[in-house]
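Novice: Here you go, this is target_33.txt (compact mmCIF, C-alpha atoms).
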```txt
# COMPACT_ATOMS: atom_id res chain seq x y z
CA MET A 1 168.24 124.67 30.67
CA VAL A 2 171.48 126.65 30.83
CA GLY A 3 174.60 124.75 31.87
CA LYS A 4 174.77 121.44 33.72
CA LYS A 5 172.90 121.47 37.03
CA THR A 6 173.28 117.78 37.90
CA SER A 7 176.32 115.99 39.31
CA TYR A 8 178.98 114.78 36.89
CA ALA A 9 179.54 111.76 39.15
CA LYS A 10 176.21 110.05 38.49
CA ALA A 11 173.74 109.40 35.72
CA SER A 12 171.60 112.28 34.51
CA CYS A 13 168.67 112.25 32.12
CA SER A 14 170.59 114.24 29.50
CA THR A 15 173.41 111.65 29.52
CA LEU A 16 171.15 108.58 29.25
CA PRO A 17 171.76 108.36 25.45
CA VAL A 18 175.52 108.29 26.11
CA ILE A 19 175.14 105.68 28.86
CA LYS A 20 173.01 103.56 26.52
CA GLY A 21 175.61 103.89 23.77
CA ILE A 22 173.37 105.64 21.22
CA SER A 23 174.73 109.19 21.41
CA LYS A 24 176.25 110.66 18.23
CA TYR A 25 178.36 113.09 20.26
CA MET A 26 180.19 110.97 22.85
CA THR A 27 181.08 107.33 23.58
CA GLN A 28 180.10 105.52 26.77
CA ASN A 29 183.70 105.49 27.98
CA GLU A 30 184.23 109.19 27.31
CA TRP A 31 181.36 110.03 29.66
CA LEU A 32 182.21 107.28 32.15
CA ASP A 33 185.77 108.64 32.42
CA ILE A 34 184.39 112.09 33.31
CA ALA A 35 182.06 110.54 35.90
CA ILE A 36 184.85 108.47 37.48
CA LYS A 37 187.04 111.56 37.85
CA ALA A 38 184.10 113.54 39.29
CA HIS A 39 183.47 110.69 41.77
CA LYS A 40 187.04 111.34 42.95
CA GLY A 41 186.34 115.07 43.26
CA ILE A 42 187.72 116.19 39.88
CA ASP A 43 185.05 117.91 37.78
CA PRO A 44 185.86 118.72 34.12
CA GLU A 45 187.12 122.17 33.20
CA PRO A 46 184.28 124.61 32.44
CA TYR A 47 183.80 125.28 28.75
CA GLU A 48 182.44 128.25 26.85
CA GLN A 49 179.19 127.70 24.97
CA THR A 50 179.20 127.90 21.19
CA VAL A 51 176.92 130.48 19.59
CA ILE A 52 174.67 127.64 18.41
CA GLN A 53 174.33 126.29 21.98
CA ARG A 54 173.69 129.78 23.33
CA MET A 55 170.95 130.47 20.77
CA GLY A 56 169.28 127.20 21.77
CA ASP A 57 169.15 128.39 25.37
CA VAL A 58 167.83 131.82 24.33
CA LEU A 59 165.05 130.33 22.19
CA GLU A 60 164.09 127.60 24.66
CA PRO A 61 161.49 129.46 26.80
CA VAL A 62 159.94 131.14 23.75
CA LEU A 63 159.53 127.83 21.92
CA LEU A 64 158.12 126.05 24.97
CA GLU A 65 155.59 128.79 25.61
CA GLU A 66 154.51 128.66 21.97
CA ALA A 67 154.23 124.87 22.16
CA ALA A 68 152.05 125.23 25.27
CA ARG A 69 149.80 127.66 23.41
CA MET A 70 149.52 125.37 20.37
CA LEU A 71 148.69 122.36 22.55
CA GLY A 72 146.23 124.32 24.68
CA LEU A 73 147.99 123.77 28.02
CA ASP A 74 146.57 125.56 31.05
CA PHE A 75 149.97 126.42 32.52
CA VAL A 76 153.65 126.38 31.49
CA LYS A 77 156.81 126.91 33.55
CA THR A 78 160.25 127.36 31.95
CA ASP A 79 162.44 128.54 34.83
CA HIS A 80 163.26 125.36 36.77
CA ASP A 81 166.45 126.16 38.70
CA GLU A 82 166.84 122.92 40.65
CA PRO A 83 167.28 119.43 39.17
CA VAL A 84 164.76 116.70 39.93
CA GLU A 85 166.01 113.56 41.71
CA HIS A 86 164.67 110.09 41.05
CA PRO A 87 163.17 108.71 44.30
CA GLU A 88 164.69 105.22 43.96
CA ILE A 89 167.78 105.20 41.74
CA PRO A 90 170.92 107.43 41.42
CA LEU A 91 169.52 109.56 38.59
CA ALA A 92 168.73 113.27 38.32
CA GLY A 93 167.59 115.54 35.53
CA SER A 94 167.18 119.21 34.63
CA LEU A 95 163.83 120.32 33.31
CA ASP A 96 163.57 122.65 30.31
CA GLY A 97 159.94 123.18 31.22
CA THR A 98 156.72 121.69 32.52
CA GLY A 99 153.09 122.16 31.60
CA ILE A 100 149.64 121.28 32.90
CA ALA A 101 146.89 119.86 30.69
CA LYS A 102 143.23 119.09 31.37
CA GLN A 103 142.01 116.11 29.36
CA LEU A 104 143.54 117.10 26.02
CA THR A 105 143.23 114.31 23.45
CA PHE A 106 145.19 114.29 20.18
CA LYS A 107 145.50 111.88 17.29
CA ASN A 108 148.14 111.44 14.61
CA GLY A 109 147.49 113.60 11.54
CA GLN A 110 145.35 116.07 13.48
CA TYR A 111 147.88 118.87 12.90
CA PRO A 112 150.89 118.97 10.53
CA TRP A 113 153.16 119.99 13.41
CA LEU A 114 152.00 117.25 15.82
CA ILE A 115 153.50 113.74 15.87
CA ILE A 116 152.67 110.87 18.25
CA PRO A 117 155.44 108.36 17.46
CA GLU A 118 154.46 105.43 19.69
CA GLN A 119 150.65 105.34 19.42
CA GLU A 120 147.76 106.64 17.34
CA THR A 121 146.09 108.78 20.00
CA ILE A 122 147.21 110.31 23.27
CA THR A 123 145.48 112.08 26.15
CA LEU A 124 147.40 114.67 28.16
CA ASP A 125 146.05 115.12 31.68
CA GLY A 126 147.81 116.72 34.62
CA PRO A 127 151.46 117.85 34.72
CA GLY A 128 153.90 116.88 31.97
CA VAL A 129 157.52 117.30 30.95
CA LEU A 130 158.48 119.77 28.21
CA GLU A 131 161.83 119.27 26.46
CA CYS A 132 163.19 121.62 23.79
CA LYS A 133 165.70 120.98 20.99
CA CYS A 134 166.97 123.27 18.21
CA THR A 135 168.81 121.77 15.27
CA ARG A 136 170.07 122.49 11.76
CA ASP A 137 169.25 118.91 10.73
CA ILE A 138 166.61 118.01 8.14
CA PRO A 139 163.22 117.51 9.87
CA THR A 140 161.81 114.03 10.37
CA ASN A 141 158.67 112.57 11.92
CA ASP A 142 160.66 109.68 13.38
CA LEU A 143 162.46 111.37 16.26
CA GLU A 144 165.72 109.65 17.20
CA GLU A 145 165.85 108.28 20.73
CA TRP A 146 168.97 110.34 21.52
CA ARG A 147 167.33 113.61 20.45
CA GLY A 148 165.46 114.31 23.69
CA VAL A 149 163.23 111.21 23.72
CA LEU A 150 165.23 109.05 26.16
CA GLN A 151 166.00 112.16 28.20
CA SER A 152 162.30 113.04 28.50
CA LYS A 153 161.35 109.50 29.43
CA GLY A 154 163.93 109.64 32.20
CA LEU A 155 162.49 112.96 33.38
CA MET A 156 159.00 111.46 33.49
CA GLU A 157 160.34 108.74 35.80
CA CYS A 158 162.05 111.35 38.01
CA THR A 159 158.96 113.55 38.30
CA GLY A 160 156.26 110.87 38.15
CA TYR A 161 154.52 112.81 35.36
CA ASN A 162 152.55 110.76 32.84
CA TRP A 163 153.27 112.59 29.57
CA CYS A 164 155.95 114.59 27.84
CA ALA A 165 156.33 116.81 24.78
CA VAL A 166 159.61 117.01 22.90
CA VAL A 167 159.56 120.32 21.07
CA VAL A 168 161.95 120.53 18.10
CA LEU A 169 162.76 123.54 15.94
CA TRP A 170 164.27 122.13 12.75
CA GLN A 171 166.29 124.37 10.44
CA SER A 172 165.16 127.64 12.07
CA THR A 173 161.49 127.54 10.99
CA ASP A 174 160.13 123.95 10.90
CA PHE A 175 158.46 123.60 14.31
CA ARG A 176 157.20 120.20 15.45
CA ILE A 177 155.90 118.72 18.72
CA TYR A 178 156.34 115.04 19.58
CA LEU A 179 154.10 113.61 22.32
CA TYR A 180 154.86 110.56 24.47
CA LYS A 181 152.98 108.74 27.23
CA ARG A 182 154.79 107.31 30.24
CA ASP A 183 155.41 103.59 29.72
CA PRO A 184 155.45 101.45 32.91
CA GLU A 185 157.79 98.95 31.20
CA PHE A 186 160.44 101.61 30.57
CA LYS A 187 161.43 101.75 34.25
CA TYR A 188 163.09 98.33 34.01
CA GLU A 189 165.35 99.43 31.14
CA LEU A 190 166.10 102.66 33.00
CA TYR A 191 166.99 100.90 36.25
CA ASP A 192 169.35 98.52 34.43
CA LEU A 193 171.11 101.40 32.65
CA VAL A 194 171.49 103.56 35.75
CA PHE A 195 172.53 100.85 38.21
CA ASP A 196 175.06 99.46 35.74
CA PHE A 197 176.53 102.93 35.15
CA ASP A 198 176.64 103.72 38.86
CA ASN A 199 178.50 100.47 39.55
CA ARG A 200 180.96 101.21 36.74
CA VAL A 201 181.68 104.66 38.21
CA LYS A 202 182.33 103.31 41.70
CA GLN A 203 184.32 100.26 40.55
CA GLU A 204 186.04 102.02 37.61
CA LEU A 205 184.79 99.35 35.21
CA TYR A 206 185.00 100.67 31.65
CA TYR A 207 182.88 99.52 28.73
CA PRO A 208 184.50 97.59 25.84
CA PRO A 209 186.15 100.29 23.65
CA VAL A 210 184.38 101.18 20.40
CA THR A 211 187.00 103.54 18.92
CA SER A 212 190.78 103.82 18.96
CA ALA A 213 190.50 106.91 21.19
CA ASP A 214 188.17 104.92 23.44
CA ALA A 215 190.88 102.30 23.93
CA ASN A 216 193.22 105.01 25.24
CA ILE A 217 190.64 105.81 27.92
CA VAL A 218 190.18 102.17 28.94
CA TYR A 219 193.88 101.23 28.90
CA LYS A 220 195.53 104.39 30.21
CA LYS A 221 198.78 102.88 31.47
CA VAL A 222 201.28 100.22 30.45
CA GLN A 223 201.19 97.48 33.09
CA LYS A 224 203.49 94.87 31.47
CA ASP A 225 206.34 94.81 28.95
CA ASP A 226 205.01 92.58 26.18
CA ILE A 227 202.56 89.79 25.42
CA ILE A 228 201.98 87.19 22.68
CA LEU A 229 198.95 88.25 20.66
CA PRO A 230 196.34 85.60 19.72
CA GLY A 231 196.02 83.93 16.35
CA GLY A 232 194.33 86.03 13.70
CA THR A 233 195.90 89.27 14.96
CA ASP A 234 198.14 89.45 11.87
CA ALA A 235 195.03 90.05 9.75
CA ILE A 236 194.05 93.03 11.91
CA ILE A 237 197.57 94.48 11.66
CA GLU A 238 197.65 93.97 7.89
CA THR A 239 194.30 95.80 7.58
CA ILE A 240 195.88 98.82 9.28
CA ILE A 241 199.03 98.69 7.13
CA GLU A 242 197.14 98.25 3.85
CA ASN A 243 194.60 100.99 4.52
CA LYS A 244 197.34 103.43 5.57
CA ARG A 245 199.07 102.67 2.25
CA ILE A 246 195.81 103.37 0.38
CA ILE A 247 195.37 106.66 2.27
CA LYS A 248 198.96 107.66 1.43
CA ASP A 249 198.42 106.91 -2.26
CA LEU A 250 195.16 108.87 -2.25
CA GLU A 251 196.85 111.84 -0.55
CA LYS A 252 199.50 111.82 -3.32
CA THR A 253 196.75 111.77 -5.96
CA ILE A 254 194.94 114.66 -4.27
CA ASP A 255 198.16 116.68 -3.96
CA TYR A 256 198.94 116.12 -7.66
CA ALA A 257 195.45 117.28 -8.67
CA GLU A 258 195.64 120.33 -6.37
CA THR A 259 199.02 121.26 -7.84
CA ARG A 260 197.59 121.16 -11.38
CA LEU A 261 194.53 123.16 -10.29
CA LYS A 262 196.64 125.85 -8.56
CA ALA A 263 198.78 126.14 -11.66
CA LEU A 264 195.64 126.72 -13.74
CA ILE A 265 194.33 129.38 -11.33
CA GLY A 266 197.74 131.05 -11.12
CA ASP A 267 197.59 134.48 -9.46
CA ALA A 268 193.79 134.80 -9.69
CA SER A 269 191.66 134.70 -6.51
CA GLU A 270 189.27 132.11 -7.97
CA GLY A 271 188.53 130.06 -11.05
CA LYS A 272 185.24 128.85 -12.51
CA THR A 273 184.06 125.94 -14.66
CA ASN A 274 180.55 125.06 -15.79
CA GLN A 275 180.02 123.13 -12.54
CA TYR A 276 182.39 124.53 -9.93
CA THR A 277 183.88 127.67 -8.43
CA VAL A 278 187.32 127.20 -6.88
CA LYS A 279 188.54 129.91 -4.49
CA TRP A 280 192.25 130.38 -3.70
CA PRO A 281 192.20 133.56 -1.60
CA MET A 282 194.74 135.38 0.51
CA ILE A 283 194.53 134.93 4.29
CA ASN A 284 195.65 137.90 6.35
CA TYR A 285 197.12 137.44 9.82
CA LYS A 286 197.45 140.24 12.35
CA ALA A 287 200.78 140.73 14.08
CA GLN A 288 200.94 138.99 17.47
CA PRO A 289 203.29 139.50 20.41
CA GLU A 290 205.76 136.80 21.37
CA LYS A 291 204.19 134.14 23.56
CA ILE A 292 205.93 132.56 26.51
CA ILE A 293 204.81 128.96 27.00
CA PRO A 294 204.25 128.27 30.71
CA PRO A 295 206.09 125.27 32.19
CA LYS A 296 204.31 121.92 32.39
CA GLU A 297 204.67 119.25 35.02
CA GLN A 298 206.19 115.91 34.08
CA ARG A 299 203.56 113.34 33.12
CA SER A 300 203.10 110.08 31.24
CA VAL A 301 200.24 109.25 28.89
CA ARG A 302 199.52 106.33 26.60
CA ALA A 303 200.47 107.01 22.96
CA LYS A 304 197.46 107.68 20.71
CA THR A 305 198.90 105.87 17.69
CA LEU A 306 200.26 102.34 17.28
CA ARG A 307 203.78 101.78 15.98
CA ILE A 308 203.82 98.70 13.79
CA LYS A 309 207.09 97.05 12.75
CA THR A 310 207.46 93.96 10.56
CA HIS A 311 209.72 91.35 12.12
CA GLY A 312 213.19 91.23 10.61
CA ILE A 313 213.14 94.85 9.39
```
Transcribe the structure of this file into structure tokens.
Specialist:
Amino acid sequence: MVGKKTSYAKASCSTLPVIKGISKYMTQNEWLDIAIKAHKGIDPEPYEQTVIQRMGDVLEPVLLEEAARMLGLDFVKTDHDEPVEHPEIPLAGSLDGTGIAKQLTFKNGQYPWLIIPEQETITLDGPGVLECKCTRDIPTNDLEEWRGVLQSKGLMECTGYNWCAVVVLWQSTDFRIYLYKRDPEFKYELYDLVFDFDNRVKQELYYPPVTSADANIVYKKVQKDDIILPGGTDAIIETIIENKRIIKDLEKTIDYAETRLKALIGDASEGKTNQYTVKWPMINYKAQPEKIIPPKEQRSVRAKTLRIKTHGI
């Protein structure tokens, strides 16, 4: 799948891990904020793929076709241009691929590259969902729910297919296939997630913030001058003050050590010990023309950092 083919304004199978709050890449509110803006007709700015993302797209059809061969599928398709829509709930998904099997039964341990995480044996019969992931991470047999599993289960609900294969290429050469059967109980979890998200988009109801940056998304504007904070808040403030002091002391310690190390290296490009090599190279910058900064419209945004002041100071 190249690029996003589904609407930013509603839930998609690829964003289910974010909506559930288990994504390692984005918080629930970060995605919800994008969806709310899209619901108002403001899609996010297009972004350029990284080389890693591009290589994943390039390898995707090759890996899926090889997975189909290894599994013994009768047919594989990797060029799905249109997203699939769920027949009952506001959910859509983009397919990496699909395959057709005829009564293929597998069991755990049958092949070193085959894992069936949720049962001991599985039978693939009829059409199924194929999902592909490429990663530099260390391979595991316990596939995380956010790494294509929840996405594939959502795609099975959209298509009505009864099985899926999550194909993962770990660290360039470790190729593994994870097989899942459609679970009738999963639809209830899916419906709750999707309907809740859809309501939040339309009503602009954010999730409780889980990071400081998250709080800036939830509370974008100042609505009142000041409030009295509840009891126990002093302890939270003191945690911030004390940890900032610790960080400052550590930064001084690091700077002192770096100064001593640079003095030892002197005008050499690197220095070596029995355990370490320390490089202190030159960095060359090409000449650049003067840049004229274009004007910006007046705007107001919530400050990203808190300003804490002790009373009486």
Novice: Quick one: everything within 6 Å of region 44-57 of chain A, counting all atoms listed in the file, minus sequence neighbours fewer than 2 positions away in the same chain. Send it as a PyMOL selection string.
Specialist: chain A and resi 59-60+134
Novice: If you measure from CA of Glu131 (chain A) to CA of Val201 (chain A), what distance in Å do you get, rounded to one decimal?
Specialist: 27.3 Å
Novice: Out of A:Leu143, A:Ile22, A:Leu179, A:Leu229, which residue has the shortest atom-to-atom distance to Leu71 (chain A) when counting only C-alpha atoms?
Specialist: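 Smallest distance to Leu71 (chain A) is found for A:Leu179.
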Novice: Pick out the residues sitting within 10 Å of Glu82 (chain A), and hand them over as a ChimeraX atom specification; count all atoms listed in the file, and ignore anything fewer than 6 positions along from it in its own chain.
Specialist: /A:5-6,93-95
Novice: Would you export the selected residues with C-alpha atoms as an mmCIF file, in the frame of the given file, please?
Specialist:
```cif
data_model
loop_
_atom_site.group_PDB
_atom_site.id
_atom_site.type_symbol
_atom_site.label_atom_id
_atom_site.label_comp_id
_atom_site.auth_asym_id
_atom_site.auth_seq_id
_atom_site.Cartn_x
_atom_site.Cartn_y
_atom_site.Cartn_z
ATOM 1 C CA LYS A 5 172.900 121.470 37.030
ATOM 2 C CA THR A 6 173.280 117.780 37.900
ATOM 3 C CA GLY A 93 167.590 115.540 35.530
ATOM 4 C CA SER A 94 167.180 119.210 34.630
ATOM 5 C CA LEU A 95 163.830 120.320 33.310
#
```
Novice: I'd like the interatomic distance between CA of Pro209 (chain A) and CA of Lys133 (chain A), to a tenth of an Å.
Specialist: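 CA of Pro209 (chain A) sits 29.2 Å away from CA of Lys133 (chain A).
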Novice: For Glu65 (chain A), which residue among A:Asn199, A:His80, A:His86, A:Gly97 is the nearest when counting all atoms listed in the file?
Specialist: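 That would be A:Gly97, the residue with the smallest distance to Glu65 (chain A).
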Novice: Do you know which residues are at most 12 Å from Trp170 (chain A) counting all atoms listed in the file, after dropping those on the same chain fewer than 5 positions away, and could you put them as a VMD selection string?
Specialist: chain A and resid 56 63 113 132 to 141 143 147 175 to 177
Novice: With all atoms listed in the file as the counted atoms, please give the residues lying no more than 8 Å from Pro208 (chain A), apart from itself and same-chain residues fewer than 2 positions off, as a tab-separated table (two decimals) with C-alpha atoms, in the coordinates of the input.
Specialist:
```
chain	number	residue	atom	x	y	z
A	206	TYR	CA	185.00	100.67	31.65
A	210	VAL	CA	184.38	101.18	20.40
A	218	VAL	CA	190.18	102.17	28.94
```
Novice: Can you tell me, as a short mmCIF file (atom, residue, chain, number, x, y, z; two decimals) with C-alpha atoms, in the frame of the given file, what residues are no more than 9 Å from Ile265 (chain A) when counting only C-alpha atoms, ignoring any on the same chain fewer than 5 positions away?
Specialist:
```
data_model
loop_
_atom_site.label_atom_id
_atom_site.label_comp_id
_atom_site.auth_asym_id
_atom_site.auth_seq_id
_atom_site.Cartn_x
_atom_site.Cartn_y
_atom_site.Cartn_z
CA ARG A 260 197.59 121.16 -11.38
CA GLU A 270 189.27 132.11 -7.97
CA GLY A 271 188.53 130.06 -11.05
CA VAL A 278 187.32 127.20 -6.88
CA LYS A 279 188.54 129.91 -4.49
CA TRP A 280 192.25 130.38 -3.70
#
```
Novice: At what distance in Å, to one decimal, does CA of Glu144 (chain A) lie from CA of Ile34 (chain A)?
Specialist: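 It comes out at 24.8 Å.
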Novice: Taking all atoms listed in the file into account, which of A:Leu205, A:Ala235, A:Leu130, A:Val166 comes nearest Val76 (chain A)?
Specialist: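 Between A:Leu205, A:Ala235, A:Leu130, A:Val166, the residue approaching Val76 (chain A) most closely is A:Leu130.
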Novice: For Ser152 (chain A), which residue among A:Ile283, A:Ile236, A:Ala92, A:Ile217 is the nearest when counting all atoms listed in the file?
Specialist: A:Ala92
Novice: Measuring between all atoms listed in the file, which one of A:Leu114, A:Tyr161, A:Val84, A:Glu189 shows the shortest distance to Asp174 (chain A)?
Specialist: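 The shortest atom-to-atom distance to Asp174 (chain A) comes from A:Leu114.
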Novice: Return the single residue from A:Tyr180, A:Ala263, A:Ala287, A:Phe75 that is closest to Asn108 (chain A), with distances computed using only C-alpha atoms.
Specialist: A:Tyr180
Novice: Place N, CA and C atoms on region 91-123 of chain A and deliver the coordinates as a compact mmCIF listing (two decimals), keeping the file's coordinate frame.
Specialist:
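Once written, selection_13.txt looks like this:
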```txt
# COMPACT_ATOMS: atom_id res chain seq x y z
N LEU A 91 169.78 108.86 39.85
CA LEU A 91 169.52 109.56 38.59
C LEU A 91 168.89 110.91 38.90
N ALA A 92 169.32 111.94 38.19
CA ALA A 92 168.73 113.27 38.32
C ALA A 92 168.58 113.87 36.93
N GLY A 93 167.78 114.90 36.84
CA GLY A 93 167.59 115.54 35.53
C GLY A 93 167.21 117.00 35.68
N SER A 94 167.54 117.79 34.67
CA SER A 94 167.18 119.21 34.63
C SER A 94 166.02 119.40 33.67
N LEU A 95 165.03 120.10 34.11
CA LEU A 95 163.83 120.32 33.31
C LEU A 95 163.96 121.59 32.46
N ASP A 96 163.70 121.46 31.15
CA ASP A 96 163.57 122.65 30.31
C ASP A 96 162.27 123.38 30.66
N GLY A 97 161.22 122.59 30.87
CA GLY A 97 159.94 123.18 31.22
C GLY A 97 158.94 122.12 31.63
N THR A 98 157.84 122.57 32.18
CA THR A 98 156.72 121.69 32.52
C THR A 98 155.42 122.38 32.14
N GLY A 99 154.39 121.59 31.94
CA GLY A 99 153.09 122.16 31.60
C GLY A 99 151.99 121.36 32.26
N ILE A 100 150.81 121.95 32.33
CA ILE A 100 149.64 121.28 32.90
C ILE A 100 148.53 121.24 31.86
N ALA A 101 147.98 120.05 31.65
CA ALA A 101 146.89 119.86 30.69
C ALA A 101 145.66 119.33 31.41
N LYS A 102 144.50 119.62 30.84
CA LYS A 102 143.23 119.09 31.37
C LYS A 102 142.52 118.33 30.26
N GLN A 103 142.71 117.01 30.27
CA GLN A 103 142.01 116.11 29.36
C GLN A 103 142.09 116.58 27.90
N LEU A 104 143.33 116.73 27.41
CA LEU A 104 143.54 117.10 26.02
C LEU A 104 143.86 115.84 25.22
N THR A 105 143.03 115.52 24.26
CA THR A 105 143.23 114.31 23.45
C THR A 105 143.63 114.70 22.03
N PHE A 106 144.69 114.04 21.54
CA PHE A 106 145.19 114.29 20.18
C PHE A 106 145.32 112.97 19.44
N LYS A 107 145.26 113.06 18.11
CA LYS A 107 145.50 111.88 17.29
C LYS A 107 146.47 112.23 16.18
N ASN A 108 147.18 111.22 15.69
CA ASN A 108 148.14 111.44 14.61
C ASN A 108 147.43 111.99 13.37
N GLY A 109 148.06 112.98 12.73
CA GLY A 109 147.49 113.60 11.54
C GLY A 109 146.55 114.74 11.84
N GLN A 110 146.28 115.01 13.11
CA GLN A 110 145.35 116.07 13.48
C GLN A 110 145.89 117.44 13.09
N TYR A 111 147.21 117.64 13.29
CA TYR A 111 147.88 118.87 12.90
C TYR A 111 149.19 118.49 12.20
N PRO A 112 149.64 119.29 11.23
CA PRO A 112 150.89 118.97 10.53
C PRO A 112 152.12 119.05 11.42
N TRP A 113 152.02 119.79 12.52
CA TRP A 113 153.16 119.99 13.41
C TRP A 113 153.16 119.02 14.60
N LEU A 114 152.15 118.14 14.67
CA LEU A 114 152.00 117.25 15.82
C LEU A 114 152.26 115.80 15.42
N ILE A 115 153.18 115.14 16.14
CA ILE A 115 153.50 113.74 15.87
C ILE A 115 153.40 112.95 17.17
N ILE A 116 152.76 111.78 17.10
CA ILE A 116 152.67 110.87 18.25
C ILE A 116 153.36 109.58 17.83
N PRO A 117 154.66 109.45 18.06
CA PRO A 117 155.44 108.36 17.46
C PRO A 117 155.08 106.95 17.92
N GLU A 118 154.59 106.78 19.13
CA GLU A 118 154.46 105.43 19.69
C GLU A 118 153.03 104.94 19.80
N GLN A 119 152.05 105.75 19.37
CA GLN A 119 150.65 105.34 19.42
C GLN A 119 149.85 106.22 18.47
N GLU A 120 148.60 105.88 18.27
CA GLU A 120 147.76 106.64 17.34
C GLU A 120 147.11 107.84 17.99
N THR A 121 146.70 107.68 19.26
CA THR A 121 146.09 108.78 20.00
C THR A 121 146.76 108.90 21.36
N ILE A 122 146.62 110.09 21.95
CA ILE A 122 147.21 110.31 23.27
C ILE A 122 146.35 111.32 24.01
N THR A 123 146.20 111.13 25.31
CA THR A 123 145.48 112.08 26.15
C THR A 123 146.44 112.66 27.19
```
